[in-house]
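A.B. asks: Just so it is clear, I am handing over data_17.tsv, which has TSV, C-alpha atoms and all ligand atoms.
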```
chain	number	residue	atom	x	y	z
Q	1	ALA	CA	191.83	85.35	126.49
Q	2	SER	CA	189.89	87.16	129.18
Q	3	ARG	CA	189.97	85.86	132.77
Q	4	ASN	CA	187.00	83.53	132.27
Q	5	GLY	CA	188.33	82.35	128.90
Q	6	SER	CA	185.58	83.79	126.72
Q	7	VAL	CA	184.93	86.90	124.67
Q	8	ALA	CA	181.48	88.46	124.72
Q	9	ASP	CA	179.60	88.13	121.40
Q	10	PRO	CA	179.54	91.13	119.04
Q	11	PRO	CA	176.17	92.91	119.04
Q	12	ALA	CA	173.83	91.43	116.39
Q	13	CYS	CA	172.46	94.91	115.57
Q	14	LEU	CA	175.79	95.84	113.99
Q	15	PHE	CA	175.41	93.06	111.41
Q	16	LYS	CA	172.35	94.77	109.96
Q	17	PRO	CA	172.75	97.63	107.48
Q	18	LEU	CA	172.61	101.13	108.95
Q	19	ASN	CA	169.07	102.30	108.50
Q	20	VAL	CA	168.50	106.06	108.22
Q	21	PRO	CA	165.17	107.30	106.83
Q	22	HIS	CA	164.90	110.51	104.88
Q	23	LYS	CA	163.06	113.24	106.78
Q	24	LEU	CA	162.37	116.87	106.09
Q	25	LEU	CA	163.75	118.62	109.15
Q	26	MET	CA	161.61	121.73	109.65
Q	27	GLY	CA	162.31	122.08	113.37
Q	28	PRO	CA	164.77	124.53	114.94
Q	29	GLY	CA	167.73	122.41	113.83
Q	30	PRO	CA	169.43	120.46	112.50
Q	31	SER	CA	168.20	121.36	109.04
Q	32	ASN	CA	168.81	118.92	106.18
Q	33	ALA	CA	172.39	119.11	104.93
Q	34	TYR	CA	173.39	120.32	101.46
Q	35	PRO	CA	174.21	117.32	99.24
Q	36	ARG	CA	177.65	118.79	98.51
Q	37	VAL	CA	178.27	119.02	102.26
Q	38	LEU	CA	177.44	115.34	102.74
Q	39	ALA	CA	179.59	114.45	99.74
Q	40	ALA	CA	182.54	116.39	101.17
Q	41	GLN	CA	182.43	114.26	104.29
Q	42	SER	CA	183.27	111.17	102.27
Q	43	LEU	CA	186.49	112.65	100.83
Q	44	PRO	CA	189.76	111.04	101.94
Q	45	LEU	CA	191.13	112.01	105.33
Q	46	LEU	CA	194.21	114.19	105.51
Q	47	GLY	CA	196.49	114.57	108.52
Q	48	HIS	CA	195.71	117.56	110.70
Q	49	LEU	CA	199.29	118.84	110.41
Q	50	GLN	CA	199.55	118.51	106.63
Q	51	LYS	CA	199.77	121.57	104.41
Q	52	GLU	CA	196.87	120.57	102.16
Q	53	PHE	CA	194.63	120.43	105.21
Q	54	HIS	CA	195.92	123.77	106.46
Q	55	GLU	CA	194.84	125.27	103.14
Q	56	VAL	CA	191.31	124.01	103.83
Q	57	LEU	CA	191.47	125.52	107.33
Q	58	ASP	CA	192.46	128.87	105.78
Q	59	GLU	CA	189.51	128.68	103.38
Q	60	VAL	CA	187.15	127.94	106.26
Q	61	LYS	CA	188.58	130.85	108.22
Q	62	ALA	CA	188.04	133.21	105.25
Q	63	GLY	CA	184.48	131.89	104.93
Q	64	ILE	CA	183.75	132.53	108.60
Q	65	GLN	CA	185.18	136.05	108.34
Q	66	TYR	CA	182.75	136.59	105.45
Q	67	ILE	CA	179.61	135.22	107.13
Q	68	PHE	CA	180.43	137.17	110.32
Q	69	GLN	CA	181.46	140.26	108.31
Q	70	THR	CA	184.65	140.60	110.33
Q	71	GLN	CA	188.36	141.10	109.84
Q	72	ASN	CA	189.20	139.61	113.23
Q	73	ALA	CA	192.45	137.63	113.24
Q	74	TRP	CA	191.06	135.27	115.89
Q	75	THR	CA	188.43	133.65	113.72
Q	76	PHE	CA	188.23	129.86	113.63
Q	77	ALA	CA	185.93	126.90	114.33
Q	78	VAL	CA	185.62	124.93	117.55
Q	79	SER	CA	185.50	121.11	117.45
Q	80	ALA	CA	182.11	121.03	119.13
Q	81	THR	CA	178.48	121.89	118.51
Q	82	GLY	CA	177.06	125.36	119.16
Q	83	MET	CA	177.12	124.85	122.90
Q	84	GLY	CA	180.82	124.12	122.76
Q	85	ALA	CA	181.37	127.45	121.01
Q	86	MET	CA	179.19	129.14	123.63
Q	87	GLU	CA	181.29	127.58	126.35
Q	88	THR	CA	184.51	128.53	124.54
Q	89	ALA	CA	183.51	132.20	124.44
Q	90	ALA	CA	182.42	132.18	128.07
Q	91	VAL	CA	185.33	130.35	129.66
Q	92	ASN	CA	187.92	132.35	127.76
Q	93	LEU	CA	186.44	135.77	128.50
Q	94	LEU	CA	185.47	135.12	132.12
Q	95	GLU	CA	187.74	134.38	135.08
Q	96	ILE	CA	186.68	133.35	138.58
Q	97	GLY	CA	184.58	136.09	140.15
Q	98	ASP	CA	184.13	138.04	136.89
Q	99	VAL	CA	180.60	139.30	136.32
Q	100	ALA	CA	178.54	138.54	133.22
Q	101	LEU	CA	175.30	140.38	132.53
Q	102	VAL	CA	173.14	137.77	130.85
Q	103	GLY	CA	170.02	138.50	128.82
Q	104	VAL	CA	167.60	135.69	129.63
Q	105	ASN	CA	164.58	135.74	127.31
Q	106	GLY	CA	164.63	132.06	126.59
Q	107	PHE	CA	166.62	128.90	127.05
Q	108	TRP	CA	170.00	130.13	125.81
Q	109	GLY	CA	170.56	132.99	128.22
Q	110	ALA	CA	169.70	130.62	131.07
Q	111	ARG	CA	172.20	128.10	129.70
Q	112	LEU	CA	174.96	130.70	129.41
Q	113	ALA	CA	174.34	131.85	132.98
Q	114	GLU	CA	174.78	128.25	134.12
Q	115	ILE	CA	178.01	127.91	132.13
Q	116	ALA	CA	179.35	131.14	133.65
Q	117	GLU	CA	178.52	129.98	137.17
Q	118	ARG	CA	180.13	126.57	136.64
Q	119	ASN	CA	183.24	128.53	135.59
Q	120	GLY	CA	183.25	130.25	138.98
Q	121	SER	CA	182.06	133.51	137.46
Q	122	VAL	CA	179.02	135.53	138.51
Q	123	ALA	CA	175.92	135.66	136.29
Q	124	LYS	CA	173.59	138.61	136.69
Q	125	ARG	CA	170.38	137.67	134.91
Q	126	MET	CA	168.38	140.29	133.03
Q	127	VAL	CA	165.08	138.48	132.59
Q	128	LYS	CA	162.29	139.01	130.04
Q	129	PRO	CA	159.46	136.68	129.08
Q	130	MET	CA	160.13	134.48	126.06
Q	131	GLY	CA	159.09	136.25	122.89
Q	132	GLN	CA	160.36	139.66	124.06
Q	133	VAL	CA	163.68	141.42	123.48
Q	134	PHE	CA	165.89	143.80	125.45
Q	135	THR	CA	165.95	147.54	124.84
Q	136	LEU	CA	169.06	149.70	125.00
Q	137	GLU	CA	167.61	151.12	128.24
Q	138	ASP	CA	167.32	147.64	129.78
Q	139	ILE	CA	170.92	146.91	128.89
Q	140	GLU	CA	172.21	150.28	130.11
Q	141	GLN	CA	170.46	149.78	133.42
Q	142	GLY	CA	172.11	146.37	133.81
Q	143	LEU	CA	175.50	147.82	132.89
Q	144	LYS	CA	175.16	150.59	135.50
Q	145	GLU	CA	173.92	148.27	138.19
Q	146	HIS	CA	176.24	145.28	137.75
Q	147	LYS	CA	179.36	146.71	136.04
Q	148	PRO	CA	179.86	143.43	134.14
Q	149	LYS	CA	182.96	142.36	132.28
Q	150	VAL	CA	180.83	140.69	129.60
Q	151	VAL	CA	177.29	141.21	128.33
Q	152	PHE	CA	175.63	138.19	126.71
Q	153	LEU	CA	172.72	138.35	124.29
Q	154	THR	CA	171.12	135.81	121.97
Q	155	TYR	CA	170.63	137.33	118.52
Q	156	GLY	CA	168.40	134.53	117.23
Q	157	GLU	CA	166.45	132.86	120.01
Q	158	SER	CA	165.33	129.40	119.00
Q	159	SER	CA	163.15	128.79	122.08
Q	160	GLY	CA	161.30	132.14	122.11
Q	161	GLY	CA	161.61	133.00	118.42
Q	162	THR	CA	163.02	136.50	118.80
Q	163	ALA	CA	165.75	138.40	116.94
Q	164	GLN	CA	167.43	140.67	119.47
Q	165	PRO	CA	168.18	144.13	117.96
Q	166	LEU	CA	171.92	144.69	118.26
Q	167	ALA	CA	172.47	148.14	116.74
Q	168	GLY	CA	174.13	150.36	119.31
Q	169	VAL	CA	174.53	147.60	121.91
Q	170	GLY	CA	178.26	147.13	121.31
Q	171	GLU	CA	179.00	150.85	121.69
Q	172	LEU	CA	176.93	150.93	124.86
Q	173	CYS	CA	178.81	147.98	126.35
Q	174	HIS	CA	182.15	149.54	125.46
Q	175	LYS	CA	181.11	152.84	127.03
Q	176	TYR	CA	180.74	150.95	130.31
Q	177	GLY	CA	183.92	148.93	129.82
Q	178	ALA	CA	182.15	145.66	129.03
Q	179	LEU	CA	182.62	143.23	126.16
Q	180	LEU	CA	179.65	142.10	124.05
Q	181	MET	CA	179.19	138.37	123.47
Q	182	VAL	CA	176.50	137.22	121.03
Q	183	ASP	CA	174.95	133.84	120.20
Q	184	SER	CA	174.01	133.63	116.53
Q	185	VAL	CA	173.57	129.84	116.31
Q	186	ALA	CA	169.94	129.95	115.20
Q	187	ILE	CA	170.03	132.97	112.88
Q	188	LEU	CA	173.45	133.46	111.29
Q	189	GLY	CA	173.08	133.61	107.50
Q	190	GLY	CA	169.33	134.16	107.82
Q	191	ALA	CA	169.37	137.82	108.91
Q	192	PRO	CA	171.85	140.70	108.67
Q	193	LEU	CA	174.79	140.55	111.06
Q	194	PHE	CA	177.89	142.75	110.96
Q	195	MET	CA	180.30	141.71	113.68
Q	196	ASP	CA	182.80	144.55	113.22
Q	197	GLU	CA	180.31	147.31	112.49
Q	198	TRP	CA	178.15	146.27	115.44
Q	199	ASN	CA	181.16	146.11	117.79
Q	200	ILE	CA	180.56	142.51	118.85
Q	201	ASP	CA	183.53	141.12	120.80
Q	202	ALA	CA	182.75	137.42	120.78
Q	203	LEU	CA	180.43	135.82	118.26
Q	204	TYR	CA	179.70	132.18	117.50
Q	205	THR	CA	177.31	130.11	115.47
Q	206	GLY	CA	176.52	126.47	114.76
Q	207	ALA	CA	176.91	124.37	111.63
Q	208	GLN	CA	173.53	122.66	111.53
Q	209	LYS	CA	171.19	125.58	110.99
Q	210	VAL	CA	171.54	127.98	108.03
Q	211	LEU	CA	174.90	126.46	107.06
Q	212	SER	CA	173.08	123.11	106.62
Q	213	THR	CA	176.13	121.16	107.74
Q	214	PRO	CA	176.04	118.26	110.21
Q	215	PRO	CA	176.27	119.39	113.85
Q	216	SER	CA	179.91	119.01	114.87
Q	217	ILE	CA	181.96	122.12	114.29
Q	218	SER	CA	181.16	125.72	115.20
Q	219	PRO	CA	182.47	129.03	113.88
Q	220	ILE	CA	183.66	131.57	116.45
Q	221	SER	CA	185.43	134.93	116.35
Q	222	PHE	CA	186.97	137.27	118.93
Q	223	SER	CA	187.56	141.00	118.46
Q	224	GLN	CA	190.99	142.54	119.09
Q	225	LYS	CA	189.64	143.82	122.42
Q	226	ALA	CA	188.44	140.34	123.40
Q	227	ARG	CA	191.74	138.83	122.31
Q	228	ASP	CA	193.65	141.32	124.47
Q	229	VAL	CA	191.43	140.50	127.45
Q	230	ILE	CA	192.05	136.77	126.97
Q	231	LEU	CA	195.80	137.18	126.52
Q	232	GLY	CA	195.87	139.40	129.61
Q	233	ARG	CA	194.09	136.90	131.89
Q	234	LYS	CA	195.48	136.54	135.41
Q	235	THR	CA	194.68	132.81	135.39
Q	236	LYS	CA	194.80	130.14	132.71
Q	237	VAL	CA	191.60	129.27	130.87
Q	238	ARG	CA	190.04	126.51	132.96
Q	239	SER	CA	189.30	124.29	129.97
Q	240	PHE	CA	192.30	123.01	128.05
Q	241	TYR	CA	190.20	121.72	125.16
Q	242	LEU	CA	188.48	125.07	124.65
Q	243	ASP	CA	191.52	127.29	125.23
Q	244	ALA	CA	191.16	130.06	122.62
Q	245	PRO	CA	194.85	131.03	122.32
Q	246	GLU	CA	195.72	127.36	121.66
Q	247	LEU	CA	192.92	126.96	119.13
Q	248	ALA	CA	193.80	130.24	117.43
Q	249	ASN	CA	197.41	129.07	117.07
Q	250	TYR	CA	196.34	125.79	115.44
Q	251	TRP	CA	194.08	127.72	113.07
Q	252	GLY	CA	197.04	129.89	111.98
Q	253	CYS	CA	195.67	133.02	113.66
Q	254	ASP	CA	198.95	134.07	115.31
Q	255	GLU	CA	202.55	134.49	114.10
Q	256	ASN	CA	203.78	131.19	115.54
Q	257	PRO	CA	203.91	127.91	113.62
Q	258	ARG	CA	200.78	125.82	114.06
Q	259	ARG	CA	201.07	123.49	117.04
Q	260	TYR	CA	199.14	120.31	117.67
Q	261	HIS	CA	196.38	120.94	120.19
Q	262	HIS	CA	193.90	118.18	119.36
Q	263	THR	CA	193.24	116.23	116.19
Q	264	ALA	CA	191.08	118.45	114.02
Q	265	MET	CA	187.66	117.18	112.89
Q	266	ILE	CA	188.96	116.60	109.39
Q	267	SER	CA	185.72	115.56	107.66
Q	268	SER	CA	183.68	118.15	109.54
Q	269	VAL	CA	186.09	120.84	108.38
Q	270	TYR	CA	185.53	119.74	104.75
Q	271	ALA	CA	181.78	119.83	105.37
Q	272	LEU	CA	181.86	123.28	106.95
Q	273	ARG	CA	183.93	124.53	104.03
Q	274	GLU	CA	181.20	123.45	101.64
Q	275	GLY	CA	178.41	124.89	103.80
Q	276	LEU	CA	180.27	128.20	103.86
Q	277	ALA	CA	180.82	127.95	100.09
Q	278	GLU	CA	177.05	127.62	99.56
Q	279	VAL	CA	176.47	130.89	101.44
Q	280	ALA	CA	179.40	132.61	99.72
Q	281	GLU	CA	178.20	131.61	96.25
Q	282	LYS	CA	174.68	132.75	96.99
Q	283	GLY	CA	175.86	135.93	98.74
Q	284	LEU	CA	174.82	136.97	102.23
Q	285	GLU	CA	172.32	139.57	101.08
Q	286	LYS	CA	170.48	137.05	98.94
Q	287	SER	CA	170.54	134.53	101.77
Q	288	TRP	CA	169.06	137.08	104.20
Q	289	ALA	CA	166.38	138.02	101.64
Q	290	GLN	CA	165.45	134.37	101.00
Q	291	HIS	CA	165.02	133.72	104.71
Q	292	ALA	CA	162.90	136.86	105.12
Q	293	ALA	CA	160.73	135.89	102.14
Q	294	CYS	CA	160.19	132.31	103.33
Q	295	ALA	CA	159.40	133.54	106.85
Q	296	GLU	CA	156.81	135.88	105.34
Q	297	LEU	CA	155.19	133.00	103.42
Q	298	LEU	CA	155.06	131.00	106.62
Q	299	TYR	CA	153.49	133.88	108.61
Q	300	GLU	CA	150.84	134.38	105.89
Q	301	GLY	CA	149.99	130.66	105.76
Q	302	LEU	CA	149.75	130.37	109.54
Q	303	ASP	CA	147.56	133.45	109.72
Q	304	LYS	CA	145.20	131.95	107.13
Q	305	MET	CA	144.91	128.85	109.31
Q	306	GLY	CA	143.93	131.01	112.29
Q	307	LEU	CA	147.18	130.38	114.16
Q	308	GLU	CA	148.97	133.01	116.22
Q	309	LEU	CA	152.66	133.61	116.69
Q	310	LEU	CA	154.34	134.08	120.06
Q	311	VAL	CA	156.32	137.12	118.91
Q	312	GLN	CA	153.78	139.80	118.12
Q	313	ASP	CA	156.18	142.44	116.82
Q	314	LYS	CA	157.24	141.28	113.38
Q	315	SER	CA	160.37	143.46	113.43
Q	316	VAL	CA	161.88	141.36	116.25
Q	317	ARG	CA	160.99	137.91	114.93
Q	318	ASN	CA	163.77	135.46	114.18
Q	319	PRO	CA	163.07	134.64	110.50
Q	320	CYS	CA	164.76	131.25	110.92
Q	321	VAL	CA	162.68	129.89	113.82
Q	322	THR	CA	158.99	130.67	114.15
Q	323	VAL	CA	157.19	129.97	117.41
Q	324	ILE	CA	153.49	129.20	116.92
Q	325	LYS	CA	150.95	129.14	119.73
Q	326	VAL	CA	149.06	125.85	120.08
Q	327	PRO	CA	145.33	126.69	120.03
Q	328	GLU	CA	143.20	125.87	123.03
Q	329	GLY	CA	142.00	122.25	122.97
Q	330	VAL	CA	144.75	120.96	120.69
Q	331	ASP	CA	147.35	118.46	121.79
Q	332	TRP	CA	150.54	119.78	120.17
Q	333	LYS	CA	152.12	116.34	120.12
Q	334	LYS	CA	149.33	114.72	118.15
Q	335	VAL	CA	149.76	117.30	115.39
Q	336	SER	CA	153.52	117.04	115.48
Q	337	ASP	CA	153.36	113.22	115.42
Q	338	HIS	CA	150.87	113.39	112.54
Q	339	ALA	CA	153.42	115.34	110.51
Q	340	MET	CA	156.22	112.93	111.31
Q	341	ASP	CA	154.30	109.66	111.04
Q	342	ASN	CA	152.48	110.47	107.82
Q	343	HIS	CA	154.84	112.80	105.98
Q	344	GLN	CA	158.28	112.49	107.63
Q	345	VAL	CA	158.18	116.22	108.31
Q	346	GLU	CA	159.59	117.46	111.60
Q	347	ILE	CA	157.61	120.13	113.44
Q	348	ALA	CA	159.06	120.65	116.91
Q	349	GLY	CA	157.40	121.46	120.21
Q	350	GLY	CA	158.38	124.09	122.74
Q	351	PHE	CA	160.64	123.77	125.71
Q	352	GLY	CA	161.05	125.36	129.12
Q	353	GLU	CA	158.03	127.41	130.10
Q	354	LEU	CA	156.60	126.99	126.58
Q	355	ALA	CA	156.59	123.18	126.62
Q	356	GLY	CA	153.22	121.96	125.37
Q	357	LYS	CA	152.14	125.48	124.45
Q	358	VAL	CA	153.89	126.09	121.11
Q	359	TRP	CA	155.23	124.50	117.96
Q	360	ARG	CA	158.49	125.62	116.46
Q	361	VAL	CA	159.15	125.63	112.74
Q	362	GLY	CA	162.63	126.24	111.38
Q	363	VAL	CA	163.20	127.40	107.80
Q	364	MET	CA	166.94	127.48	107.30
Q	365	GLY	CA	169.66	127.12	104.69
Q	366	TYR	CA	169.12	124.20	102.32
Q	367	ASN	CA	165.54	123.89	103.59
Q	368	CYS	CA	164.74	127.55	102.97
Q	369	THR	CA	162.52	127.24	99.90
Q	370	PRO	CA	158.88	128.18	99.26
Q	371	GLU	CA	158.17	124.50	98.47
Q	372	ASN	CA	159.29	123.39	101.92
Q	373	VAL	CA	157.27	126.16	103.57
Q	374	TYR	CA	154.13	125.17	101.64
Q	375	LYS	CA	154.68	121.51	102.45
Q	376	THR	CA	155.09	122.26	106.16
Q	377	LEU	CA	151.95	124.42	106.16
Q	378	ALA	CA	149.95	121.72	104.36
Q	379	VAL	CA	151.10	119.03	106.77
Q	380	LEU	CA	150.33	121.22	109.78
Q	381	LYS	CA	146.88	122.00	108.37
Q	382	GLU	CA	146.15	118.35	107.81
Q	383	GLY	CA	147.13	117.54	111.40
Q	384	LEU	CA	144.97	120.35	112.73
Q	385	ASP	CA	142.00	119.24	110.63
Q	386	VAL	CA	142.24	115.86	112.31
Q	387	HIS	CA	143.02	117.00	115.84
Q	388	TRP	CA	141.46	120.48	116.26
Q	389	LYS	CA	137.77	120.18	117.09
Q	390	LYS	CA	136.50	123.71	116.53
Q	391	ASN	CA	132.97	124.35	117.77
Q	401	LIG	N1	172.24	128.66	120.85
Q	401	LIG	C1	171.09	128.61	120.16
Q	401	LIG	C2	170.35	129.89	119.90
Q	401	LIG	C3	170.61	127.40	119.66
Q	401	LIG	O1	169.46	127.36	118.98
Q	401	LIG	C4	171.35	126.21	119.90
Q	401	LIG	C5	170.91	124.87	119.37
Q	401	LIG	N2	169.57	124.65	119.27
Q	401	LIG	C6	172.54	126.31	120.64
Q	401	LIG	C7	172.95	127.55	121.09
Q	401	LIG	C8	173.35	125.10	121.00
Q	401	LIG	O2	173.84	124.48	119.89
Q	401	LIG	P1	174.11	122.90	119.86
Q	401	LIG	O3	172.83	122.21	120.12
Q	401	LIG	O4	174.64	122.73	118.47
Q	401	LIG	O5	175.14	122.60	120.87
```
Is it possible to express this structure as structure tokens?

C.D. replies:
Amino acid sequence: ASRNGSVADPPACLFKPLNVPHKLLMGPGPSNAYPRVLAAQSLPLLGHLQKEFHEVLDEVKAGIQYIFQTQNAWTFAVSATGMGAMETAAVNLLEIGDVALVGVNGFWGARLAEIAERNGSVAKRMVKPMGQVFTLEDIEQGLKEHKPKVVFLTYGESSGGTAQPLAGVGELCHKYGALLMVDSVAILGGAPLFMDEWNIDALYTGAQKVLSTPPSISPISFSQKARDVILGRKTKVRSFYLDAPELANYWGCDENPRRYHHTAMISSVYALREGLAEVAEKGLEKSWAQHAACAELLYEGLDKMGLELLVQDKSVRNPCVTVIKVPEGVDWKKVSDHAMDNHQVEIAGGFGELAGKVWRVGVMGYNCTPENVYKTLAVLKEGLDVHWKKN
């Protein structure tokens, strides 16, 4: 018995059935999960050091190599959401005092700069307004001025809605002795990406966007160059949990027998395997084309409604996350709430400097169908009809 002889009562809420409504998640993530992904999560657990589970890990690794278009040996998944993968890349590549040149054209560059600084590294911010991307000239200027060890760019911005052009960036970084680190959380699988061909040194993504897998586990890959830099560090990686050499060993990426590092997310690994299988069965090219086609339908529908997009230049729009300007005199939240309260459709707002000024619509993975785009447009139109008083 406890010191006062009584045990606190169990919470009454846990005696009620778990209540989870069905919603159509058309925000910037998570997207709805594939049914086969959800089914995989209810398969029996295996031990994380058992050979049958290691076979699943190998399948996941092959799937990640495919979606990233890479042969990198150090390719695995981190037991964390996208931010954990971001942090893994940063804390492994950067030591105290190392300089990172960080492209900040939205929330994610700012976040990475913060992570680098908390690691004792130096973040040099290359700033652009949200909705704009960096040119090769911008990046070269930053490389000359700051001589960074790592350059960070967000391929698919989910706050500003851009797709950062990456052709030639890797070569440029290497010319100046820097490594290229790229965030592809909100675009991977929805637009072309060739890790090896584009000379990207550290690349990560999330599970809950185009892979339509519950947020939990995040693919990551390091080039040979990045691996050599990490193995040649003067100091140990400051995070034990996110130590890439340890994780790579567990994922069978080196010659040594797999060692226990932490208990793998067994059910999330099954789920990721099925999310990757969906993309593999469809084929990357078809997946990219479907996302481009659905984005086009969305742009056309929004244009017909008299709505404008934040990113003017279509060639640098993230097809997975569209940022729509809220017209003058409209309360974004009323329209967004209308969609949720009446149709269980999620239409997100903006954040950072765009809070209150934009909506964000995500069309990704399992949700990437013309039907879902039309439904989202119809719901948005209905909300605007109620809440937009045009004169
Ligand atoms: N990067 C980008 C571009 C994202 O959109 C997100 C998630 N919205 C993240 C990183 C962080 O991922 P998570 O929320 O899964 O930690």

A.B. asks: Can I get the residues close to ligand LIG 401 (chain Q) as a compact mmCIF listing (two decimals) with C-alpha atoms, keeping the file's coordinate frame, where close means within 8 Å and we count all atoms listed in the file?

C.D. replies:
```
# COMPACT_ATOMS: atom_id res chain seq x y z
CA PRO Q 28 164.77 124.53 114.94
CA GLY Q 29 167.73 122.41 113.83
CA PRO Q 30 169.43 120.46 112.50
CA ALA Q 80 182.11 121.03 119.13
CA THR Q 81 178.48 121.89 118.51
CA GLY Q 82 177.06 125.36 119.16
CA MET Q 83 177.12 124.85 122.90
CA GLY Q 84 180.82 124.12 122.76
CA ALA Q 85 181.37 127.45 121.01
CA MET Q 86 179.19 129.14 123.63
CA TRP Q 108 170.00 130.13 125.81
CA THR Q 154 171.12 135.81 121.97
CA TYR Q 155 170.63 137.33 118.52
CA GLY Q 156 168.40 134.53 117.23
CA GLU Q 157 166.45 132.86 120.01
CA SER Q 158 165.33 129.40 119.00
CA SER Q 159 163.15 128.79 122.08
CA ASP Q 183 174.95 133.84 120.20
CA SER Q 184 174.01 133.63 116.53
CA VAL Q 185 173.57 129.84 116.31
CA ALA Q 186 169.94 129.95 115.20
CA ILE Q 187 170.03 132.97 112.88
CA THR Q 205 177.31 130.11 115.47
CA GLY Q 206 176.52 126.47 114.76
CA ALA Q 207 176.91 124.37 111.63
CA GLN Q 208 173.53 122.66 111.53
CA PRO Q 215 176.27 119.39 113.85
CA SER Q 216 179.91 119.01 114.87
CA SER Q 218 181.16 125.72 115.20
```

A.B. asks: Please report the interatomic distance between atom CA of Gly168 of chain Q and atom CA of Asn199 of chain Q in Å with one decimal.

C.D. replies: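 Answer for the atom CA of Gly168 of chain Q to atom CA of Asn199 of chain Q separation: 8.4 Å.
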
A.B. asks: Show me, as a list in words, the residues that have an atom within 12 Å of Leu38 of chain Q when counting all atoms listed in the file, minus same-chain residues fewer than 2 positions from it.

C.D. replies: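 Listed by chain and then number, they are Asn32, Ala33, Tyr34, Pro35, Arg36, Ala40, Gln41, Ser42, Leu43, Ser212, Thr213, Pro214, Pro215, Ser267, Ser268, Val269, Tyr270, Ala271, Leu272, Arg273, Glu274 and Gly275 of chain Q.
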
A.B. asks: Keeping only C-alpha atoms, write those residues as a PDB file, keeping the file's coordinate frame.

C.D. replies:
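Once written, selection.pdb looks like this:
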```
ATOM      1  CA  ASN Q  32     168.810 118.920 106.180  1.00  0.00           C
ATOM      2  CA  ALA Q  33     172.390 119.110 104.930  1.00  0.00           C
ATOM      3  CA  TYR Q  34     173.390 120.320 101.460  1.00  0.00           C
ATOM      4  CA  PRO Q  35     174.210 117.320  99.240  1.00  0.00           C
ATOM      5  CA  ARG Q  36     177.650 118.790  98.510  1.00  0.00           C
ATOM      6  CA  ALA Q  40     182.540 116.390 101.170  1.00  0.00           C
ATOM      7  CA  GLN Q  41     182.430 114.260 104.290  1.00  0.00           C
ATOM      8  CA  SER Q  42     183.270 111.170 102.270  1.00  0.00           C
ATOM      9  CA  LEU Q  43     186.490 112.650 100.830  1.00  0.00           C
ATOM     10  CA  SER Q 212     173.080 123.110 106.620  1.00  0.00           C
ATOM     11  CA  THR Q 213     176.130 121.160 107.740  1.00  0.00           C
ATOM     12  CA  PRO Q 214     176.040 118.260 110.210  1.00  0.00           C
ATOM     13  CA  PRO Q 215     176.270 119.390 113.850  1.00  0.00           C
ATOM     14  CA  SER Q 267     185.720 115.560 107.660  1.00  0.00           C
ATOM     15  CA  SER Q 268     183.680 118.150 109.540  1.00  0.00           C
ATOM     16  CA  VAL Q 269     186.090 120.840 108.380  1.00  0.00           C
ATOM     17  CA  TYR Q 270     185.530 119.740 104.750  1.00  0.00           C
ATOM     18  CA  ALA Q 271     181.780 119.830 105.370  1.00  0.00           C
ATOM     19  CA  LEU Q 272     181.860 123.280 106.950  1.00  0.00           C
ATOM     20  CA  ARG Q 273     183.930 124.530 104.030  1.00  0.00           C
ATOM     21  CA  GLU Q 274     181.200 123.450 101.640  1.00  0.00           C
ATOM     22  CA  GLY Q 275     178.410 124.890 103.800  1.00  0.00           C
TER      23      GLY Q 275
END
```

A.B. asks: Work out how far apart atom CA of Thr376 of chain Q and atom CA of Ile347 of chain Q are and give it in Å to one decimal.

C.D. replies: 8.0 Å

A.B. asks: With all atoms listed in the file as the atoms that count, which of Q:Val7, Q:Val60, Q:Cys320, Q:Leu153 lies nearest to Val363 of chain Q?

C.D. replies: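 Closest to Val363 of chain Q of all the choices is Q:Cys320.
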
A.B. asks: Using only C-alpha atoms, determine which residues lie at most 9 Å from Phe134 of chain Q, disregarding the query and same-chain residues fewer than 4 positions distant; provide the list as JSON, numbers by chain.

C.D. replies: {"Q": [103, 105, 126, 127, 128, 138, 139, 153, 164, 165]}

A.B. asks: Record the distance separating atom CA of Gly120 of chain Q and atom CA of Ile96 of chain Q, expressed in Å with one decimal.

C.D. replies: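 Atom-to-atom, atom CA of Gly120 of chain Q and atom CA of Ile96 of chain Q are spaced 4.6 Å apart.
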
A.B. asks: Closest to Leu377 of chain Q among Q:Met26, Q:Asp243, Q:Tyr66, Q:Ile230, using only C-alpha atoms?

C.D. replies: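 With only C-alpha atoms as the atom set, the closest residue is Q:Met26.
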
A.B. asks: For segment 336-346 of chain Q, list every protein, DNA or RNA residue within 9 Å, evaluated using only C-alpha atoms, and leave out those in the same chain fewer than 2 positions away; present the list as a ChimeraX atom specification.

C.D. replies: /Q:21-27,331-334,348-349,359,361,375-376,379-380,382-383,386

A.B. asks: Find the residues around Glu285 of chain Q up to 12 Å (all atoms listed in the file counted), leave out those fewer than 2 positions away in its own chain, and share them as a list in words.

C.D. replies: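 Within the cut-off, the hits are Tyr66, Ile67, Gln69, Leu188, Gly189, Gly190, Ala191, Pro192, Leu193, Phe194, Val279, Ala280, Glu281, Lys282, Gly283, Ser287, Trp288, Ala289, Gln290, His291 and Ala292 of chain Q.
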
A.B. asks: Which residue out of Q:Cys173, Q:Val102, Q:Leu57, Q:Cys294 has the minimum interatomic distance to Leu136 of chain Q when all atoms listed in the file are used?

C.D. replies: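 Nearest candidate to Leu136 of chain Q out of Q:Cys173, Q:Val102, Q:Leu57, Q:Cys294: Q:Cys173.
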
A.B. asks: Would you please work out which residue, of Q:Leu211, Q:Leu231, Q:Leu310, Q:Val78, is nearest to Tyr250 of chain Q when using all atoms listed in the file?

C.D. replies: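 Among the listed residues, the smallest separation from Tyr250 of chain Q belongs to Q:Val78.
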